[in-house]
file coords-v3.cif (mmCIF, C-alpha atoms)
data_data
loop_
_atom_site.label_atom_id
_atom_site.label_comp_id
_atom_site.auth_asym_id
_atom_site.auth_seq_id
_atom_site.Cartn_x
_atom_site.Cartn_y
_atom_site.Cartn_z
CA MET H 1 -26.97 40.28 30.45
CA PRO H 2 -24.22 38.52 28.47
CA ARG H 3 -24.67 38.41 24.73
CA ARG H 4 -25.66 34.99 23.44
CA ILE H 5 -23.27 33.55 20.88
CA ARG H 6 -25.05 32.30 17.78
CA ARG H 7 -24.50 28.65 17.05
CA LEU H 8 -23.07 28.04 13.59
CA SER H 9 -25.02 25.95 11.14
CA PRO H 10 -23.32 22.79 9.77
CA ALA H 11 -22.68 24.57 6.44
CA GLU H 12 -21.13 27.58 8.20
CA ARG H 13 -18.98 25.32 10.36
CA ARG H 14 -17.72 23.46 7.28
CA LEU H 15 -16.70 26.75 5.68
CA GLN H 16 -14.97 27.77 8.90
CA ILE H 17 -13.02 24.50 8.95
CA ILE H 18 -12.02 24.90 5.30
CA ASP H 19 -10.86 28.49 5.90
CA ALA H 20 -8.82 27.36 8.92
CA ALA H 21 -7.20 24.53 6.93
CA ARG H 22 -6.42 26.93 4.08
CA ALA H 23 -4.79 29.38 6.52
CA LEU H 24 -2.71 26.64 8.15
CA PHE H 25 -1.64 25.33 4.76
CA ALA H 26 -0.53 28.78 3.59
CA GLU H 27 1.21 29.46 6.89
CA GLY H 28 3.20 26.30 7.45
CA GLY H 29 2.69 23.91 4.57
CA LEU H 30 0.83 20.65 4.27
CA ALA H 31 2.30 19.22 7.48
CA GLN H 32 0.44 21.83 9.53
CA VAL H 33 -2.92 20.73 8.17
CA THR H 34 -3.90 18.02 10.65
CA MET H 35 -7.37 17.41 11.99
CA ARG H 36 -6.13 18.29 15.46
CA ASN H 37 -4.54 21.56 14.34
CA ILE H 38 -7.60 22.55 12.33
CA ALA H 39 -9.92 21.84 15.29
CA ARG H 40 -7.71 23.89 17.61
CA HIS H 41 -7.63 26.75 15.11
CA VAL H 42 -11.41 26.75 14.83
CA GLY H 43 -11.98 26.32 18.56
CA ILE H 44 -13.77 22.97 18.54
CA THR H 45 -12.84 19.52 19.79
CA GLN H 46 -11.06 17.03 17.58
CA ALA H 47 -14.07 14.75 17.87
CA ALA H 48 -16.38 17.53 16.66
CA ILE H 49 -14.46 18.13 13.45
CA TYR H 50 -15.15 14.56 12.32
CA GLN H 51 -18.85 15.39 12.26
CA HIS H 52 -18.10 17.55 9.22
CA PHE H 53 -15.14 15.83 7.48
CA GLU H 54 -14.16 12.19 7.69
CA ASP H 55 -10.42 12.86 7.36
CA LYS H 56 -7.72 15.31 6.32
CA GLU H 57 -7.99 14.29 2.68
CA ALA H 58 -11.64 15.32 2.64
CA VAL H 59 -10.71 18.78 3.95
CA LEU H 60 -7.98 19.17 1.34
CA PHE H 61 -10.36 18.11 -1.40
CA ALA H 62 -12.79 20.82 -0.24
CA ILE H 63 -9.97 23.38 -0.59
CA ALA H 64 -9.20 22.11 -4.10
CA ASP H 65 -12.89 22.14 -4.95
CA GLY H 66 -13.09 25.81 -3.96
CA PHE H 67 -10.07 26.64 -6.12
CA PHE H 68 -11.63 25.00 -9.17
CA ALA H 69 -15.03 26.56 -8.49
CA GLN H 70 -13.45 30.01 -8.69
CA LEU H 71 -11.52 28.99 -11.80
CA ILE H 72 -14.75 27.86 -13.47
CA GLU H 73 -16.34 31.18 -12.57
CA ARG H 74 -13.44 33.03 -14.24
CA MET H 75 -13.72 30.87 -17.36
CA GLN H 76 -17.47 31.38 -17.62
CA ARG H 77 -17.02 35.14 -17.38
CA ARG H 78 -14.63 34.95 -20.34
CA LEU H 79 -17.13 32.86 -22.30
CA ALA H 80 -19.77 35.53 -21.76
CA GLU H 81 -17.55 38.29 -23.17
CA ASP H 82 -17.96 39.49 -26.75
CA MET H 83 -14.66 38.66 -28.40
CA ALA H 84 -13.23 36.53 -31.19
CA PRO H 85 -12.99 32.79 -30.37
CA LEU H 86 -9.18 32.70 -30.39
CA ASP H 87 -8.95 35.83 -28.26
CA ARG H 88 -11.42 34.26 -25.82
CA LEU H 89 -9.26 31.17 -25.47
CA ARG H 90 -6.18 33.34 -24.94
CA ALA H 91 -8.06 35.24 -22.25
CA MET H 92 -9.06 31.96 -20.59
CA MET H 93 -5.43 30.83 -20.52
CA ARG H 94 -4.31 34.11 -18.99
CA GLY H 95 -7.14 33.85 -16.46
CA TYR H 96 -5.89 30.39 -15.50
CA ILE H 97 -2.37 31.70 -14.93
CA GLU H 98 -3.66 34.65 -12.90
CA ALA H 99 -5.83 32.36 -10.77
CA GLY H 100 -2.87 30.11 -9.96
CA LEU H 101 -0.59 33.02 -9.08
CA ALA H 102 -3.29 34.62 -6.91
CA ARG H 103 -3.68 31.44 -4.81
CA PRO H 104 -0.23 29.81 -4.88
CA GLU H 105 -0.60 27.49 -1.88
CA GLU H 106 -3.87 26.10 -3.17
CA TYR H 107 -2.29 25.67 -6.58
CA ARG H 108 0.56 23.72 -4.99
CA LEU H 109 -1.98 21.52 -3.25
CA VAL H 110 -3.97 20.82 -6.40
CA PHE H 111 -1.19 20.27 -8.92
CA MET H 112 2.13 19.96 -7.10
CA THR H 113 1.46 17.78 -4.07
CA ASP H 114 1.46 13.99 -4.07
CA ILE H 115 -1.26 12.83 -1.68
CA PRO H 116 -2.28 9.16 -1.88
CA GLY H 117 -5.86 8.88 -3.11
CA PHE H 118 -6.10 12.61 -3.83
CA LYS H 119 -5.41 12.53 -7.56
CA ARG H 120 -8.67 10.78 -8.33
CA HIS H 121 -10.47 13.94 -7.18
CA VAL H 122 -8.53 16.42 -9.28
CA GLY H 123 -7.63 14.51 -12.46
CA LEU H 124 -8.30 16.17 -15.79
CA ARG H 125 -10.85 13.66 -17.00
CA VAL H 126 -13.53 11.38 -15.63
CA ASP H 127 -12.55 7.71 -15.62
CA PRO H 128 -15.29 6.03 -17.71
CA SER H 129 -14.92 2.90 -15.56
CA GLU H 130 -15.98 4.82 -12.45
CA ASP H 131 -19.62 5.62 -11.79
CA ALA H 132 -19.10 9.03 -10.21
CA GLU H 133 -20.03 12.65 -10.74
CA PRO H 134 -17.24 14.74 -12.31
CA SER H 135 -15.22 16.84 -9.90
CA THR H 136 -14.93 20.61 -10.29
CA GLY H 137 -11.42 20.06 -11.65
CA GLN H 138 -12.76 17.81 -14.38
CA LEU H 139 -15.54 20.28 -15.15
CA ALA H 140 -12.97 23.07 -15.49
CA PHE H 141 -10.89 21.07 -17.96
CA ALA H 142 -14.04 20.11 -19.88
CA ILE H 143 -14.71 23.82 -20.50
CA LEU H 144 -11.24 24.25 -21.98
CA GLU H 145 -11.54 21.09 -24.05
CA GLU H 146 -14.90 22.12 -25.51
CA GLN H 147 -13.48 25.50 -26.57
CA VAL H 148 -10.64 23.72 -28.35
CA ARG H 149 -13.10 21.35 -30.07
CA ALA H 150 -15.11 24.34 -31.30
CA LEU H 151 -11.98 25.94 -32.75
CA VAL H 152 -11.05 22.70 -34.52
CA ARG H 153 -14.56 22.43 -36.00
CA ALA H 154 -14.35 26.05 -37.17
CA ARG H 155 -10.89 25.34 -38.68
CA LEU H 156 -9.41 28.20 -36.70
CA ILE H 157 -6.66 25.96 -35.33
CA ARG H 158 -4.85 22.93 -36.70
CA PRO H 159 -6.91 19.77 -37.17
CA GLY H 160 -6.04 16.99 -34.77
CA ASP H 161 -6.76 15.55 -31.36
CA ALA H 162 -8.63 18.22 -29.41
CA GLU H 163 -7.92 16.43 -26.12
CA ILE H 164 -4.17 16.53 -26.65
CA THR H 165 -4.29 20.15 -27.82
CA ALA H 166 -6.26 21.10 -24.69
CA GLU H 167 -3.72 19.26 -22.54
CA ALA H 168 -0.85 21.08 -24.27
CA ILE H 169 -2.49 24.46 -23.59
CA TRP H 170 -3.04 23.52 -19.96
CA ALA H 171 0.54 22.21 -19.63
CA ALA H 172 1.95 25.50 -20.94
CA GLY H 173 -0.10 27.47 -18.42
CA HIS H 174 0.83 25.08 -15.62
CA GLY H 175 4.51 25.41 -16.47
CA VAL H 176 4.42 29.19 -16.08
CA VAL H 177 2.42 29.09 -12.84
CA SER H 178 4.54 26.40 -11.19
CA LEU H 179 7.76 28.20 -12.16
CA LEU H 180 6.61 31.57 -10.85
CA ILE H 181 5.33 30.25 -7.51
CA THR H 182 8.35 28.05 -6.80
CA HIS H 183 11.00 30.54 -7.94
CA VAL H 184 9.69 33.89 -6.73
CA GLY H 185 12.01 36.65 -7.87
CA PHE H 186 14.03 34.29 -10.09
CA LEU H 187 12.78 35.89 -13.28
CA TRP H 188 13.25 39.55 -14.11
CA ALA H 189 10.18 40.01 -16.28
CA PRO H 190 7.43 37.51 -15.38
CA GLU H 191 4.76 39.43 -17.30
CA LYS H 192 6.81 39.25 -20.48
CA LEU H 193 7.31 35.53 -19.90
CA ILE H 194 3.55 35.01 -19.56
CA ASP H 195 2.89 36.98 -22.76
CA ALA H 196 5.58 35.06 -24.66
CA GLN H 197 4.33 31.67 -23.46
CA ILE H 198 0.74 32.43 -24.46
CA GLU H 199 1.78 33.66 -27.92
CA MET H 200 4.07 30.68 -28.50
CA ILE H 201 1.40 28.11 -27.68
CA PHE H 202 -1.27 29.84 -29.74
CA ASN H 203 0.96 30.48 -32.74
CA GLY H 204 1.84 26.81 -32.56
CA ILE H 205 -1.76 25.62 -32.88
CA LEU H 206 -2.74 27.99 -35.70
CA PRO H 207 -2.97 26.54 -39.24
CA ASP H 208 0.09 27.15 -41.39
CA ASP H 209 -1.87 29.44 -43.72
CA SER H 210 -3.55 31.40 -40.92
CA LEU H 211 -3.45 35.18 -41.30
CA ALA H 212 -3.27 35.40 -37.52
CA ARG H 213 0.07 33.58 -37.37
CA ARG H 214 2.83 35.93 -36.38
CA LYS H 215 5.99 35.55 -38.38
CA ALA H 216 9.00 34.76 -36.26
CA PRO H 217 11.90 37.18 -36.72
CA GLN H 218 14.44 35.92 -39.22
CA ALA H 219 17.77 34.93 -37.77
CA ARG H 220 20.60 37.17 -38.87
CA SER H 221 23.32 35.61 -40.98
CA PRO H 222 26.69 35.50 -39.25
CA LYS H 223 29.21 37.99 -40.56
CA ALA H 224 31.87 36.60 -42.80
#
call {"tool": "encode", "arguments": {"input": "coords-v3.cif", "output": "structure tokens"}}
result
Amino acid sequence: MPRRIRRLSPAERRLQIIDAARALFAEGGLAQVTMRNIARHVGITQAAIYQHFEDKEAVLFAIADGFFAQLIERMQRRLAEDMAPLDRLRAMMRGYIEAGLARPEEYRLVFMTDIPGFKRHVGLRVDPSEDAEPSTGQLAFAILEEQVRALVRARLIRPGDAEITAEAIWAAGHGVVSLLITHVGFLWAPEKLIDAQIEMIFNGILPDDSLARRKAPQARSPKA
């Protein structure tokens, strides 16, 4: 008697569609992620896929949502670790860089692809004029921003606008990730670059009289 194939639940089918879209995106770029191609990859009709996602943008948002969900999980693990506040923030920044490098195509989608209407889902902050639940991307940035605010209150970093400081930290991490995934093999020592970038940004936000500030090497005077 032939074995009966179990029918997937709607939740399982959605995950299958997301996995298929992610695979197509990694394989051939954004152009390969069409509703027709995803349906063919999954083995369902094009009409059936619209029972789970209204359009391609919705599928891509689900991929981005998964990326940020894993990023939040990484950040929360760092928060639970017993370490000094500044070291914890350094570890969170390194975790962000590692997450982006581990999932380069998804990182491209989230931060390096211009899709009309997509940016509202993955912006750093919630628009106060919109009555909507924050996205996972906004929740992830909120975790970083709150850590910066705590450091400002504790006077462990320079006083100032915590939002801008958080953005500067994110921008430094984003710069490293985007460089390393778009210019693979261009740099000889990517790990040293990551270390240097993290130290530069954190030395920059420390108070001038901080004992943690590392003194930059003095430039040598030119020979006469």
call {"tool": "resolve_selection", "arguments": {"input": "coords-v3.cif", "expression": "the PyMOL selection byres ((chain H and resi 170) around 12)", "output": "PyMOL selection string"}}
result
chain H and resi 89-90+92-97+100+111+124+140-145+148+163-169+171-178+197-198+201-202
call {"tool": "resolve_selection", "arguments": {"input": "coords-v3.cif", "expression": "the PyMOL selection byres ((chain H and resi 37) around 12)", "output": "JSON, numbers by chain"}}
result
{"H": [17, 20, 21, 22, 23, 24, 25, 28, 30, 31, 32, 33, 34, 35, 36, 38, 39, 40, 41, 42, 43, 44, 45, 46, 49, 56]}
call {"tool": "residues_around", "arguments": {"input": "coords-v3.cif", "residues": "Ile72 of chain H", "least_positions_apart": "3", "cutoff": "8 Å", "atoms": "only C-alpha atoms", "output": "list in words"}}
result
Phe68, Ala69, Met75, Gln76, Thr136, Leu139 and Ala140 of chain H
call {"tool": "closest_residue", "arguments": {"input": "coords-v3.cif", "among": "H:Gly185, H:Pro104, H:Pro85, H:Gly66", "to": "Ala26 of chain H", "atoms": "all atoms listed in the file"}}
result
H:Pro104
call {"tool": "resolve_selection", "arguments": {"input": "coords-v3.cif", "expression": "the PyMOL selection byres ((chain H and resi 62) around 12)", "output": "PyMOL selection string"}}
result
chain H and resi 14-22+52-61+63-69+106+109-110+118+121-122+135-137
call {"tool": "atom_distance", "arguments": {"input": "coords-v3.cif", "atom1": "atom CA of Gly204 of chain H", "atom2": "atom CA of Arg78 of chain H"}}
result
22.1 Å
call {"tool": "atom_distance", "arguments": {"input": "coords-v3.cif", "atom1": "atom CA of Ala162 of chain H", "atom2": "atom CA of Ala150 of chain H"}}
result
9.1 Å
call {"tool": "closest_residue", "arguments": {"input": "coords-v3.cif", "among": "H:Asp82, H:Asp209, H:Glu98, H:Glu133", "to": "Leu180 of chain H", "atoms": "all atoms listed in the file"}}
result
H:Glu98
call {"tool": "residues_around", "arguments": {"input": "coords-v3.cif", "residues": "Ile157 of chain H", "least_positions_apart": "5", "cutoff": "8 Å", "atoms": "all atoms listed in the file", "output": "PyMOL selection string"}}
result
chain H and resi 151-152+205-207
call {"tool": "atom_distance", "arguments": {"input": "coords-v3.cif", "atom1": "atom CA of Gln70 of chain H", "atom2": "atom CA of Arg108 of chain H"}}
result
15.8 Å
call {"tool": "build_atoms", "arguments": {"input": "coords-v3.cif", "residues": "segment 30-41 of chain H", "atoms": "all heavy atoms", "output": "CSV table (one decimal), keeping the file's coordinate frame"}}
result
chain,number,residue,atom,x,y,z
H,30,LEU,N,1.8,21.8,4.1
H,30,LEU,CA,0.8,20.6,4.3
H,30,LEU,C,0.9,20.0,5.6
H,30,LEU,O,-0.1,19.5,6.2
H,30,LEU,CB,1.1,19.6,3.2
H,30,LEU,CG,0.0,18.6,2.9
H,30,LEU,CD1,-1.3,19.3,2.6
H,30,LEU,CD2,0.4,17.6,1.8
H,31,ALA,N,2.1,19.9,6.2
H,31,ALA,CA,2.3,19.2,7.5
H,31,ALA,C,1.5,19.8,8.6
H,31,ALA,O,1.1,19.2,9.6
H,31,ALA,CB,3.8,19.2,7.9
H,32,GLN,N,1.2,21.1,8.5
H,32,GLN,CA,0.4,21.8,9.5
H,32,GLN,C,-1.1,21.5,9.5
H,32,GLN,O,-1.8,21.8,10.4
H,32,GLN,CB,0.7,23.3,9.4
H,32,GLN,CG,2.1,23.8,9.7
H,32,GLN,CD,2.5,23.5,11.2
H,32,GLN,OE1,1.7,23.7,12.1
H,32,GLN,NE2,3.7,23.0,11.3
H,33,VAL,N,-1.5,21.0,8.3
H,33,VAL,CA,-2.9,20.7,8.2
H,33,VAL,C,-3.2,19.3,8.7
H,33,VAL,O,-3.2,18.3,8.0
H,33,VAL,CB,-3.3,20.8,6.7
H,33,VAL,CG1,-4.9,20.7,6.6
H,33,VAL,CG2,-2.9,22.2,6.1
H,34,THR,N,-3.5,19.3,10.0
H,34,THR,CA,-3.9,18.0,10.6
H,34,THR,C,-5.3,18.3,11.2
H,34,THR,O,-5.7,19.4,11.5
H,34,THR,CB,-2.9,17.6,11.8
H,34,THR,OG1,-3.0,18.5,12.8
H,34,THR,CG2,-1.5,17.5,11.3
H,35,MET,N,-6.0,17.2,11.4
H,35,MET,CA,-7.4,17.4,12.0
H,35,MET,C,-7.3,18.1,13.4
H,35,MET,O,-8.1,18.9,13.7
H,35,MET,CB,-8.1,16.1,12.0
H,35,MET,CG,-8.3,15.4,10.7
H,35,MET,SD,-9.3,16.5,9.6
H,35,MET,CE,-11.0,15.9,10.0
H,36,ARG,N,-6.3,17.7,14.1
H,36,ARG,CA,-6.1,18.3,15.5
H,36,ARG,C,-5.8,19.8,15.4
H,36,ARG,O,-6.4,20.6,16.1
H,36,ARG,CB,-5.0,17.6,16.2
H,36,ARG,CG,-4.7,18.2,17.6
H,36,ARG,CD,-3.6,17.4,18.3
H,36,ARG,NE,-4.1,16.0,18.6
H,36,ARG,CZ,-3.4,15.1,19.2
H,36,ARG,NH1,-2.1,15.3,19.5
H,36,ARG,NH2,-3.9,13.9,19.4
H,37,ASN,N,-4.9,20.1,14.5
H,37,ASN,CA,-4.5,21.6,14.3
H,37,ASN,C,-5.7,22.4,13.8
H,37,ASN,O,-5.9,23.5,14.2
H,37,ASN,CB,-3.3,21.7,13.4
H,37,ASN,CG,-2.1,21.3,14.0
H,37,ASN,OD1,-2.0,21.0,15.2
H,37,ASN,ND2,-1.0,21.1,13.2
H,38,ILE,N,-6.4,21.8,12.9
H,38,ILE,CA,-7.6,22.6,12.3
H,38,ILE,C,-8.6,22.8,13.4
H,38,ILE,O,-9.2,23.9,13.6
H,38,ILE,CB,-8.2,21.8,11.2
H,38,ILE,CG1,-7.2,21.6,10.0
H,38,ILE,CG2,-9.5,22.5,10.7
H,38,ILE,CD1,-7.7,20.7,8.9
H,39,ALA,N,-8.9,21.7,14.2
H,39,ALA,CA,-9.9,21.8,15.3
H,39,ALA,C,-9.5,22.9,16.3
H,39,ALA,O,-10.3,23.7,16.7
H,39,ALA,CB,-10.1,20.5,16.0
H,40,ARG,N,-8.2,22.9,16.7
H,40,ARG,CA,-7.7,23.9,17.6
H,40,ARG,C,-7.8,25.3,17.0
H,40,ARG,O,-8.2,26.2,17.8
H,40,ARG,CB,-6.2,23.6,17.9
H,40,ARG,CG,-5.7,24.5,19.0
H,40,ARG,CD,-4.2,24.2,19.3
H,40,ARG,NE,-4.0,22.8,19.7
H,40,ARG,CZ,-3.3,21.9,19.1
H,40,ARG,NH1,-2.7,22.3,17.9
H,40,ARG,NH2,-3.1,20.7,19.5
H,41,HIS,N,-7.5,25.4,15.8
H,41,HIS,CA,-7.6,26.8,15.1
H,41,HIS,C,-9.1,27.3,15.1
H,41,HIS,O,-9.3,28.5,15.3
H,41,HIS,CB,-7.1,26.6,13.7
H,41,HIS,CG,-6.7,27.9,13.0
H,41,HIS,ND1,-5.5,28.5,13.1
H,41,HIS,CD2,-7.5,28.8,12.3
H,41,HIS,CE1,-5.5,29.6,12.4
H,41,HIS,NE2,-6.6,29.8,11.9
